[in-house]
Amino acid sequence: MARARQVEFDCEEPFARAGARTIEVRAAEVFEHSRGVLDIDDPERVHDMRVATRRLRAAMEVFEPCFPRKRFRKALREVKALADALGARRDPDVEIEFLEQLATEAEPDPDDREAVARLIAGLREEQVRANEALAPLVAEERLAKLRRRLSKLVRKAVA
């Protein structure tokens with residue numbers, strides 16, 4: 001997993017400026033992790049973007065008073081939608097990984113092996129459906145729109 005960037009604070013800095021800088025950094029991390037996020041063969045990509053999105057959402061909630069209410073709500077709603085879709089996409093990855101490890105480490109009887117294989121097949125279908133739901137949210141134009149919305153939000157930070 002990629003490490004989060006450290007955001008340095010100056011105790012003399014206004015809260016709104018600190019909030020704006022934090023949102024800038026956390027938003028940049030989200031967009032950095034968007035490349036290849038739909039690659040089902042590399043579950044770490046979706047994991048990293050999901051973590052970055054959760055960090056952004058948390059920062060936004062902490063610094064909410066710094067931003068114009070209407071603009072903030074729209075941006076947060078988009079970030080939440082993206083985080084939810086990433087979560088729905090990530091959940092089957094975790095379950096598949098667990099079941100594959102269980103099947104490797106345990107020596108189940110043939111009936112158990114078949115049941116685990118069916119479970120994994122169902123999860124792979126769920127993974128594909130979740131990826132289809134995620135795709136429009138991580139499309140280039142959609143991410144560009146979110147980037148612009150967050151940039152405007154940062155520029156409008158209440159001083």
# chains A, B, ... in the order shown; residues from 1 in each chain; ligands from 1
>>> residues_around(residues="Ala27 of chain A", least_positions_apart="3", cutoff="8 Å", atoms="only C-alpha atoms", output="ChimeraX atom specification")
/A:23-24,30-31,52-53,56,147,150
>>> atom_distance(atom1="atom CA of Ala75 of chain A", atom2="atom CA of Val154 of chain A")
10.7 Å
>>> closest_residue(among="A:Glu105, A:Glu97, A:Asp42, A:Asp84", to="Ala130 of chain A", atoms="only C-alpha atoms")
A:Asp84
>>> closest_atom_pairs(of="segment 3-95 of chain A", to="segment 109-127 of chain A", cutoff="12 Å", atoms="only C-alpha atoms", output="Markdown table")
| residue | atom | partner | partner_atom | distance |
| --- | --- | --- | --- | --- |
| A:Leu38 | CA | A:Gln127 | CA | 10.1 |
| A:Asp39 | CA | A:Gln127 | CA | 10.7 |
| A:Ile40 | CA | A:Gln127 | CA | 7.7 |
| A:Asp41 | CA | A:Gln127 | CA | 10.8 |
| A:Pro43 | CA | A:Gln127 | CA | 10.5 |
| A:Val46 | CA | A:Gln127 | CA | 11.5 |
| A:Ala85 | CA | A:Gln127 | CA | 11.2 |
| A:Leu86 | CA | A:Gln127 | CA | 10.8 |
| A:Gly87 | CA | A:Gln127 | CA | 10.9 |
| A:Ala88 | CA | A:Gln127 | CA | 8.2 |
| A:Arg89 | CA | A:Gln127 | CA | 5.9 |
| A:Arg90 | CA | A:Gln127 | CA | 7.9 |
| A:Asp91 | CA | A:Gln127 | CA | 8.2 |
| A:Pro92 | CA | A:Leu123 | CA | 5.6 |
| A:Asp93 | CA | A:Gln127 | CA | 7.2 |
| A:Val94 | CA | A:Leu123 | CA | 9.9 |
| A:Glu95 | CA | A:Leu123 | CA | 7.6 |
>>> atom_distance(atom1="atom CA of Lys152 of chain A", atom2="atom CA of Glu132 of chain A")
29.0 Å
>>> closest_residue(among="A:Glu44, A:Val79, A:Ala18, A:Ala58", to="Leu146 of chain A", atoms="only C-alpha atoms")
A:Val79
>>> select_by_dssp(residues="chain A", states="helix (DSSP H, G or I)", output="ChimeraX atom specification")
/A:15-32,43-62,64-66,69-105,110-138,140-155
